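Worksheet for the structure shown next.
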Amino acid sequence: MRLSSGTIRMIIPAASLAVLLVAVFYMQPRAMSYTGLNLLFNLAVPIALATIAQMLIMAVNDLDLSMGTFVSFTACVTATFLQSSPALGVLILLGAVAAYALMGIVIYVRQLPSIVVTLGMSFVWGGLAVLMLPSPGGEAPGWARWLMTSKPPYVPMAIVASIVIAVLTHLLVMRSSFGVLIRGVGGNARSVERAGWSVVGVRAAAYGLAGFFGVLSGIALVGLTTAADANIALRYTLLSIAGVILGGGEFVGGRISPIGAVIGALTLTLAGSFLSFMRISPDWQIGAQGAILIVVLALRLLLNRLEKRENNR
Amino acid sequence: ETADKKIALSNNYAGNSWRQAMLTSWDKITKEAVSNGVVAAADAFTTAENQATEQAAQIQNLILQGYDAIVINAASPTALNGAVKEACDAGMVVVSFDGIVTEPCAWRIAVDFKAMGESQIEYLAKKMPEGGNLLEVRGLAGVSVDDEIHAGIQAGVEKNPQFKIVGSVNGDWAQDVAQRAVAGILPSLPEIKAVVTQGGDGYGAAQAFAAANRPIPTIVMGNREDELLWWKQQKDANGYETMSVSIAPGVSTLAFWVAQQILDGKDVKKDLVVPFLRIDQDNLEANLEKTEKGGVANVEYSLEDAQKVIGAAM
Amino acid sequence: MTATRALFGKAWIWSFAATALVWIVTVLFTGGASSVGLSQAALTFAAFSVIVGIGQMFVITLGPGNIDLSVPANMTLSGTLALKLMDVQDGMILAGLLVSILIGIAIGVCNFALIKLLRIPPIIATLSMSFIVQSTAIWANRGLRIKPPETLASFSTAYTFGIPNVALVALLLSFVAWVLLEKTIYGRWIAAIGQSPFAARMAGIPVDGTRFVTYVLCAVLAAICGYLLASFSGGAALNMGAEYLLMSIAVVVIGGTAVAGGNSNVPGIWGASLFMFLVVSMLNTYGFGAGIRLILTGFIIIAVILAAGGKQATR
Amino acid sequence: MNEAVMREEVVAARGIKVAFGAVKALDGADLVLRAGECVGLVGHNGAGKSTIVNVINGGLSPQEGTVSYGGAAGYHGIAAARASGVRCVFQELSLCPNLTVTENVRVMHGDLKGFGWRRRGLSLVSGQLDEIFPGHRIDCDSTVEDLSIAERQMVEIAISFAACTERPRLVILDEPTSSLDAGLAAQLMTYVRRFVAAGGSVLLISHILGEILSTCDRIVVMKDGKVVADRPATDFDTRRLVETMGSVVREHGFQRTAKEKAREPILSMEARHGSQLGLQAFSGEIIGLAGLGGHGQTEALLDLYLSANSNWWPAREPKMAFVAGDRALNGTFSLWSIRRNLSISSLKALSSRSMVDPALEDGLSDTWKKRIEIRTPDMHNPILSLSGGNQQKVLFARALATTARIVLMDDPMRGVDVGTKQEVYEILRAEAAAGRTFIWYSTEMDEIRLCDRVYVFRDGAIAAELVGDQITEANVLAASFAGGEAA
Ligand SMILES: Nc1ncnc2c1ncn2[C@@H]1O[C@H](COP(=O)(O)OP(=O)(O)OP(=O)(O)O)[C@@H](O)[C@H]1O
Ligand SMILES: Nc1ncnc2c1ncn2[C@@H]1O[C@H](COP(=O)(O)OP(=O)(O)OP(=O)(O)O)[C@@H](O)[C@H]1O
Ligand SMILES: [Mg+2]
Ligand SMILES: [Mg+2]
């Protein structure tokens, strides 16, 4: 049986996550429990949401360097306005989503490199966050806290949330007729345009959706941490890009996989945990993170070889 | 009796000399404690990136590993509260120091950063009663320590209106960033009488003044060896006067002992205060001698010191 | 007439225009008194961004997905080890430089080995590599700050005819890079690979060899920059490269290099580097707080890129 | 004639002028298409065929002239064209490579949406493929990038003919057969006749005059942006058509050079994929690779090329040069000028001490501009400003300009006009006589017949070797099919 490239794009990340998980369970059997899994994965939820947001941008061949500061910004809004005056908070977040959509339009209409525009925006979001919370603080809205710490039966919240995110975005991006257009713009914008679609509209929608998932990421993050600061999620820019790639996505050509992206985010989080279970001298702990990333990706190559995909290229 | 207890250090950043000194002190004191059978283990964990989210994940992993106590130098006073709460719920003792957390279940070994800022102005007011223009080098925007020291400096200036802050830059507590920022604003500034800083940035500021051929003002230092050495050279050459103030990296060892005492069943108040380490014109040489080449002026704590600090707070 | 048209057709002209504007606005604050000092400071600090930016530009030119995130760690390790080796002795200055370059080569080789042998996407390969390199730097001297040799320190902080020496070094490296890119076969090759690696291969270009050289080149430039920066700022610090991660990418893209690869330019990097320094100086000078400063920086960057417009040329 | 006038007008473009800078792509061209007819559009490379297609399709606004759909003038644009039932298969393939075949149907057909669109799209496209290309083996759930270039072209054609909610009224086919082998091309032509008979209309653009003559009711000839003839197909034969296009007809008076096999081959490839036959090439030979499209010819060429060229070290002397057929994928560098695209493989010879000498480079590009008539006012213009056929000529020039002794050609005449083909054949013959070796994969029998020796491919392996007079259409076809799974 020949596997389609889409299936392979999903199998390989899933397999590397499984291998890593087995290794973690082996080293720390205590992790193999309801609370254990929750502790391992609950901080992956906001990362997964940010990764999905990044993936939507990468689907239309762009790259968002402002994802980290944007999530920090939405986290600050969540911990301040959304908590104290929800109506105003919702308005601000809607404005942020609209700003994303606008960014998508401007980038296309003026043919600008997305990297530079989002780089500029990263300063803007960062500045707004610093203005809102000059020093760390704020408070998570009760419902966000409740949502992120609730304990559903049998399966911990972190896993439930990851699955829900993966399935919903898969339906949205891979199965819906609208998702096809987003990926089509990434694959060949010209032919989408020739088929009578408004490419600018599709891109605005993709950016707007990305903004929406960025907002969700900020809310989820504050729900977990209970408070925010202006630098809280700076790392999400790189993490989200790495998550998309780890999940089998590519920088150009609209080749993405939402399930893969969520798995990628989980893998990155798990790789960090794996490290703290190994007792390494503090000098080398940072380096070990790099080594783990390399091993996980080398695993990908191994699995790739097994699938004999190399021959097709 | 804590011989079978395990303590972990959760550290969010290892990328500067202060943090390295902190880790070294921790290593030195805890190794001794472990070999003496005071505690079973005292492992240090560092995250790759200075990020609250990453540290929160690290704390959650430490919970899974079943430590009895976690000593935290936190990336954010609030963003770790979720993870800290989970640790407390799992029955662990959480002690935060330097970068403290606000979660009520945790202990805090705090330095009064605001007072640290204020003390700089007080010193300057004494040294130059006529006042003058100040340049403020701040830390990383959005971080609480930066905000607190800045608040202290501002309070000091309000009390001493003869001083005026004519310029303010962010030096991110790094010599090269401070140098870059100061060099950029310096050409536009009038005569500067003194530079107030946050630590780790005084030498960079001095370099920038020297490069711009401006008279060197009184620069408040931050206890780094290169700063002290520069101060010493200036002092020997032209009688340069200033002060140096910072939190001692060895406070990690105090936190260790506090955690040990709590595990031992001692009643310890949730909020402890440690003095900051201040170096003045007269004790400069003595401190410089004690400081490792390229390191930071340091004080390490013993069990007795810790008990004194605990007792004082009672 | 056509000359001006051709000039404004160049993407890099806009970063220079923005730089000039920001410079004027800053100097106006003091009624012109700060012009020399500000220019010298700008040249000095732009020089470091230029050196790492050039390396990054070569890599980015290789096409989508190509980027080197190990630049900051590389600078730290190179500065740390070189200063440790030189140990304040003037006689060791060249040896120190040599060690820096060797470190650069080693990191470049490792980066490319990860990319090629393990097929790891460059962004993750170089990120992982940077963690390992950073650890090595920590392990090497635990963050202690060692002073540079006196001669080297004074060379890197001195001026020749009023121009900072580091800027002259950067200028020299820029010239070499410009020749490489615009005039040599190698320059053609990387631009071709950036547009389509497969087509490049079918046109007879040794694609892997060229990419290898490019990654090594980038790492070597970062290492040299680390060496210079450590000498300039009076010692290596573990966090000394941190700023240059974003900076190295920003100066490349703001300077007008097509991020999609295949197109690059050296002058733009100078414009963008000066611009990035001067914007912060200007906002500091006018006394804005950190929040407003960040927001304005962002809007100014977007304004510059909006003025420069897209690449209309490639229709 | 009378009948045609009565028929309903689907699209009419009148007095169209389009200029790209100094280039007048269209200079007052008229084109009227009516229901129930198949119109052939021919002309040399760069005559303006694709440009007028873009105008009709709404993607390009003419500087002068009018376009009207169904007789109603006034509104123009992609949406208007699609609303009037105009569909287009473009010269350069325009599917989204990252999407599956079904998903591409969705992109092309806006009204395919709502619950169950996937199922409906799938049956739509697979039904249409079965109808046009009976016996095809395309899996409609596979991603387009996993398909061969011929399969992609088939899919695109099928999607354009498919009727989602309403049947297309006009289908424009811009060189639809350039990547199809003879069998598939014949199937398509048959379908076109059926479609036209059912009242649809088709605009067919091709450089293969045979299919134009046999399929079309009316032929429009373009030259330099103008329509120079618009007459019923019965008024033309090949010779008259070629002459109207402005080229001179040359006879196939072509003498094969008998090569003695005694010498050492300069290139040989082991037998592979279970075949007994290997591939050998001697100096000065033109070797053809024949067989049905997608049976391993391209792979064989790629293997030969990649094994001879190091990916790590620059070669001192290039051993082989390669002419790509899929120019968008592995041919052109789209950000570059024509000159740079042409010179990239010969830089060694154009430089001293690794520095490229602009004067030598200009010299080279000017020489080849003249030699194979690249139609552009300035070789500094971007490569994408060239018409498809002219881009292909640049790739040809790139390979021929090198000093390589062997030239591999992967169906290189895709979209090259008749006149130029003749010129290129001449060049090939001259170069071969001077000792160069050509290995030439072609989907056109006329070209295969020009070769000294032919290897016929089947299922990735060489099924037969034909020499000299054995090279006939019958023998090639026999070898392409015969034998079953014997080997
Ligand atoms: N975007 C463009 N910019 C500049 N010139 C263009 C552009 N598109 C087409 N041209 C020019 O317009 C002329 C007509 O091109 P067109 O693509 O219509 O030719 P064609 O008849 O389709 O040729 P072919 O048979 O090679 O496909 C050519 O000279 C071409 O160089
Ligand atoms: N002979 C020429 N005729 C017309 N324009 C020219 C000529 N030579 C150069 N130019 C134009 O002058 C500009 C700079 O010339 P240069 O030789 O540096 O070209 P380039 O930028 O290297 O690009 P290319 O070689 O791809 O055209 C280009 O825009 C080019 O189009
Ligand atoms: Mg055409
Ligand atoms: Mg053509």
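Identifiers for the structure tokens are assigned positionally: chains receive A, B, ... in sequence, residues are indexed from 1 per chain, and ligands are indexed from 1 in the order shown.
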Q. Taking only C-alpha atoms into account, which residues of chain C are within 9 Å of chain D, as number ranges by chain?
A. C: 179-180, 182-186, 188-189, 192-193, 195-210, 212, 262-263, 313-315
Write the residues of the preceding selection, restricted to N, CA and C atoms, as an mmCIF file, in the first residue's frame.
data_model
loop_
_atom_site.group_PDB
_atom_site.id
_atom_site.type_symbol
_atom_site.label_atom_id
_atom_site.label_comp_id
_atom_site.auth_asym_id
_atom_site.auth_seq_id
_atom_site.Cartn_x
_atom_site.Cartn_y
_atom_site.Cartn_z
ATOM 1 N N VAL C 179 31.544 41.867 -3.067
ATOM 2 C CA VAL C 179 32.213 41.278 -4.229
ATOM 3 C C VAL C 179 31.772 39.823 -4.393
ATOM 4 N N LEU C 180 31.758 39.103 -3.291
ATOM 5 C CA LEU C 180 31.347 37.703 -3.354
ATOM 6 C C LEU C 180 29.963 37.562 -3.971
ATOM 7 N N GLU C 182 28.026 39.869 -5.692
ATOM 8 C CA GLU C 182 27.677 40.498 -6.951
ATOM 9 C C GLU C 182 28.574 40.073 -8.099
ATOM 10 N N LYS C 183 29.805 39.730 -7.790
ATOM 11 C CA LYS C 183 30.750 39.543 -8.884
ATOM 12 C C LYS C 183 31.181 38.096 -9.089
ATOM 13 N N THR C 184 31.116 37.289 -8.091
ATOM 14 C CA THR C 184 31.716 35.970 -8.248
ATOM 15 C C THR C 184 30.696 34.906 -8.635
ATOM 16 N N ILE C 185 31.248 33.779 -9.057
ATOM 17 C CA ILE C 185 30.407 32.637 -9.405
ATOM 18 C C ILE C 185 29.645 32.162 -8.175
ATOM 19 N N TYR C 186 30.351 32.166 -7.052
ATOM 20 C CA TYR C 186 29.710 31.719 -5.816
ATOM 21 C C TYR C 186 28.437 32.522 -5.520
ATOM 22 N N ARG C 188 26.494 34.008 -7.653
ATOM 23 C CA ARG C 188 25.442 33.558 -8.561
ATOM 24 C C ARG C 188 24.832 32.260 -8.067
ATOM 25 N N TRP C 189 25.720 31.405 -7.610
ATOM 26 C CA TRP C 189 25.239 30.091 -7.189
ATOM 27 C C TRP C 189 24.257 30.196 -6.038
ATOM 28 N N ALA C 192 20.998 31.473 -7.155
ATOM 29 C CA ALA C 192 20.257 30.479 -7.936
ATOM 30 C C ALA C 192 19.619 29.453 -7.008
ATOM 31 N N ILE C 193 20.390 28.992 -6.035
ATOM 32 C CA ILE C 193 19.859 27.997 -5.101
ATOM 33 C C ILE C 193 18.667 28.574 -4.352
ATOM 34 N N GLN C 195 16.469 30.585 -5.379
ATOM 35 C CA GLN C 195 15.255 30.629 -6.174
ATOM 36 C C GLN C 195 14.681 29.250 -6.406
ATOM 37 N N SER C 196 15.543 28.276 -6.607
ATOM 38 C CA SER C 196 15.069 26.925 -6.837
ATOM 39 C C SER C 196 16.247 25.960 -6.733
ATOM 40 N N PRO C 197 16.366 25.284 -5.608
ATOM 41 C CA PRO C 197 17.508 24.387 -5.417
ATOM 42 C C PRO C 197 17.562 23.304 -6.499
ATOM 43 N N PHE C 198 16.392 22.840 -6.904
ATOM 44 C CA PHE C 198 16.379 21.759 -7.880
ATOM 45 C C PHE C 198 16.855 22.250 -9.245
ATOM 46 N N ALA C 199 16.336 23.404 -9.631
ATOM 47 C CA ALA C 199 16.790 23.966 -10.901
ATOM 48 C C ALA C 199 18.286 24.244 -10.848
ATOM 49 N N ALA C 200 18.762 24.692 -9.692
ATOM 50 C CA ALA C 200 20.189 24.976 -9.550
ATOM 51 C C ALA C 200 20.998 23.699 -9.752
ATOM 52 N N ARG C 201 20.524 22.639 -9.165
ATOM 53 C CA ARG C 201 21.224 21.355 -9.307
ATOM 54 C C ARG C 201 21.249 20.942 -10.771
ATOM 55 N N MET C 202 20.126 21.136 -11.450
ATOM 56 C CA MET C 202 20.053 20.709 -12.840
ATOM 57 C C MET C 202 20.846 21.647 -13.744
ATOM 58 N N ALA C 203 21.211 22.812 -13.236
ATOM 59 C CA ALA C 203 22.054 23.698 -14.032
ATOM 60 C C ALA C 203 23.525 23.437 -13.749
ATOM 61 N N GLY C 204 23.812 22.391 -12.987
ATOM 62 C CA GLY C 204 25.201 22.005 -12.774
ATOM 63 C C GLY C 204 25.865 22.643 -11.566
ATOM 64 N N ILE C 205 25.064 23.235 -10.682
ATOM 65 C CA ILE C 205 25.643 23.881 -9.499
ATOM 66 C C ILE C 205 25.821 22.844 -8.383
ATOM 67 N N PRO C 206 26.986 22.812 -7.743
ATOM 68 C CA PRO C 206 27.155 21.893 -6.607
ATOM 69 C C PRO C 206 26.402 22.426 -5.392
ATOM 70 N N VAL C 207 25.139 22.075 -5.307
ATOM 71 C CA VAL C 207 24.243 22.726 -4.350
ATOM 72 C C VAL C 207 24.692 22.506 -2.906
ATOM 73 N N ASP C 208 24.967 21.270 -2.540
ATOM 74 C CA ASP C 208 25.327 21.010 -1.146
ATOM 75 C C ASP C 208 26.633 21.680 -0.763
ATOM 76 N N GLY C 209 27.591 21.624 -1.673
ATOM 77 C CA GLY C 209 28.868 22.272 -1.399
ATOM 78 C C GLY C 209 28.676 23.760 -1.151
ATOM 79 N N THR C 210 27.862 24.376 -1.979
ATOM 80 C CA THR C 210 27.633 25.808 -1.843
ATOM 81 C C THR C 210 26.923 26.116 -0.526
ATOM 82 N N PHE C 212 26.977 24.369 2.166
ATOM 83 C CA PHE C 212 27.937 24.117 3.236
ATOM 84 C C PHE C 212 28.819 25.330 3.466
ATOM 85 N N GLY C 262 17.332 34.135 -2.835
ATOM 86 C CA GLY C 262 17.652 34.392 -4.225
ATOM 87 C C GLY C 262 17.951 35.836 -4.547
ATOM 88 N N ASN C 263 17.948 36.690 -3.561
ATOM 89 C CA ASN C 263 18.132 38.093 -3.853
ATOM 90 C C ASN C 263 18.683 38.746 -2.593
ATOM 91 N N ALA C 313 9.516 44.402 -9.052
ATOM 92 C CA ALA C 313 10.367 44.009 -10.171
ATOM 93 C C ALA C 313 10.107 42.586 -10.662
ATOM 94 N N THR C 314 9.688 41.711 -9.781
ATOM 95 C CA THR C 314 9.628 40.305 -10.159
ATOM 96 C C THR C 314 8.232 39.881 -10.577
ATOM 97 N N ARG C 315 7.645 40.595 -11.483
ATOM 98 C CA ARG C 315 6.331 40.177 -11.915
ATOM 99 C C ARG C 315 6.419 39.056 -12.929
#
Q. Which residues sit within 6 Å of ligand 3, counting only C-alpha atoms and all ligand atoms, listed as a ChimeraX atom specification?
A. /D:49-50,387-388
Keeping N, CA and C atoms, export the residues of the selection given above as a PDB file, in the first residue's frame.
ATOM      1  N   LYS D  49      -0.591  34.579 -28.203  1.00  0.00           N
ATOM      2  CA  LYS D  49      -1.698  33.637 -27.986  1.00  0.00           C
ATOM      3  C   LYS D  49      -2.099  33.589 -26.509  1.00  0.00           C
ATOM      4  N   SER D  50      -1.110  33.343 -25.658  1.00  0.00           N
ATOM      5  CA  SER D  50      -1.444  33.253 -24.231  1.00  0.00           C
ATOM      6  C   SER D  50      -1.977  34.576 -23.718  1.00  0.00           C
ATOM      7  N   SER D 387       7.494  34.702 -23.427  1.00  0.00           N
ATOM      8  CA  SER D 387       6.419  33.734 -23.638  1.00  0.00           C
ATOM      9  C   SER D 387       6.968  32.346 -23.311  1.00  0.00           C
ATOM     10  N   GLY D 388       6.042  31.412 -23.081  1.00  0.00           N
ATOM     11  CA  GLY D 388       6.447  30.069 -22.661  1.00  0.00           C
ATOM     12  C   GLY D 388       7.478  29.440 -23.576  1.00  0.00           C
TER      13      GLY D 388
END
Q | Close residues, segment 122-131 of chain B itself excluded, 9 Å, only C-alpha atoms, min 4 positions apart in chain, as a list in words | A |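 The residues that qualify are Glu118, Gly156, Val157, Asn160, Pro161, Gln162, Phe163, Lys164, Lys193, Ala194, Thr218, Glu241, Thr242 and Met243 of chain B.
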Q) What are the DSSP helix (DSSP H, G or I) residues of segment 319-433 of chain D, as a ChimeraX atom specification? A) /D:327-330,338-350,358-371,383-385,388-400,418-433
Q | Option closest in space to chain A, from C:Thr285, C:Thr19, C:Gln134, C:Ser49 [counting only C-alpha atoms] | A | C:Gln134
Closest-contact table, chain C side, partner chain B, 9 Å, counting only C-alpha atoms, as a Markdown table:
| residue | atom | partner | partner_atom | distance |
| --- | --- | --- | --- | --- |
| C:Thr26 | CA | B:Ser188 | CA | 7.9 |
| C:Val27 | CA | B:Ser188 | CA | 7.3 |
| C:Phe29 | CA | B:Ser188 | CA | 7.0 |
| C:Thr30 | CA | B:Ser188 | CA | 5.8 |
| C:Ala33 | CA | B:Ser188 | CA | 7.6 |
| C:Ser34 | CA | B:Pro187 | CA | 4.7 |
| C:Ser35 | CA | B:Pro187 | CA | 7.6 |
| C:Val36 | CA | B:Pro187 | CA | 8.2 |
| C:Gly37 | CA | B:Pro187 | CA | 5.3 |
| C:Leu38 | CA | B:Pro187 | CA | 5.6 |
| C:Gln40 | CA | B:Ala212 | CA | 8.6 |
| C:Ala41 | CA | B:Ala183 | CA | 5.9 |
| C:Ala42 | CA | B:Gly184 | CA | 7.0 |
| C:Phe45 | CA | B:Arg180 | CA | 6.7 |
| C:Phe131 | CA | B:Ala48 | CA | 7.3 |
| C:Gln134 | CA | B:Gly15 | CA | 8.5 |
| C:Ile138 | CA | B:Gly15 | CA | 7.8 |
| C:Arg142 | CA | B:Gln20 | CA | 6.0 |
| C:Gly143 | CA | B:Ser17 | CA | 4.7 |
| C:Leu144 | CA | B:Gly294 | CA | 4.3 |
| C:Arg145 | CA | B:Gly294 | CA | 4.0 |
| C:Ile146 | CA | B:Gly294 | CA | 5.7 |
| C:Lys147 | CA | B:Gly294 | CA | 8.2 |
| C:Thr157 | CA | B:Ala211 | CA | 6.9 |
| C:Ala158 | CA | B:Ala211 | CA | 8.1 |
| C:Leu229 | CA | B:Asp176 | CA | 8.2 |
| C:Ala230 | CA | B:Asp176 | CA | 8.7 |
| C:Phe232 | CA | B:Asp176 | CA | 9.0 |
| C:Ser233 | CA | B:Asp176 | CA | 6.0 |
| C:Gly234 | CA | B:Gln207 | CA | 8.2 |
| C:Gly235 | CA | B:Asp226 | CA | 8.7 |
| C:Ala237 | CA | B:Asn16 | CA | 6.5 |
| C:Leu238 | CA | B:Gly15 | CA | 5.1 |
| C:Asn239 | CA | B:Gly15 | CA | 5.3 |
| C:Met240 | CA | B:Asp176 | CA | 6.4 |
| C:Glu243 | CA | B:Val177 | CA | 7.8 |
| C:Phe277 | CA | B:Gly184 | CA | 7.4 |
| C:Leu278 | CA | B:Gly184 | CA | 7.2 |
| C:Val280 | CA | B:Gly184 | CA | 7.6 |
| C:Ser281 | CA | B:Gly184 | CA | 4.7 |
| C:Met282 | CA | B:Ile185 | CA | 7.5 |
| C:Leu283 | CA | B:Ile185 | CA | 8.9 |
| C:Asn284 | CA | B:Ile185 | CA | 6.2 |
| C:Thr285 | CA | B:Ile185 | CA | 5.5 |
| C:Tyr286 | CA | B:Gly167 | CA | 8.6 |
| C:Gly287 | CA | B:Gly167 | CA | 6.4 |
| C:Phe288 | CA | B:Ser168 | CA | 8.6 |
| C:Gly289 | CA | B:Ser168 | CA | 8.1 |
| C:Ala290 | CA | B:Ala141 | CA | 6.4 |
| C:Gly291 | CA | B:Ala141 | CA | 8.0 |
Q: Produce as a PyMOL selection string the set of residues near ligand 4, where near means within 10 Å with only C-alpha atoms and all ligand atoms considered.
A: chain D and resi 42-50+91-92+174-175+178+205-207+387-392+413-417
Q: Kindly provide, as a PyMOL selection string, the residues of chain A having any atom no farther than 8 Å from an atom of chain B, counting only C-alpha atoms.
A: chain A and resi 28+30-31+36+39-40+43+130+133-137+222+224-235+269+272-273+276-277+279+281-282+285-286+289
Q) Mind pulling up the distance from atom CA of His109 of chain D to atom CA of Thr165 of chain D? A)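 So the answer is 9.0 Å.
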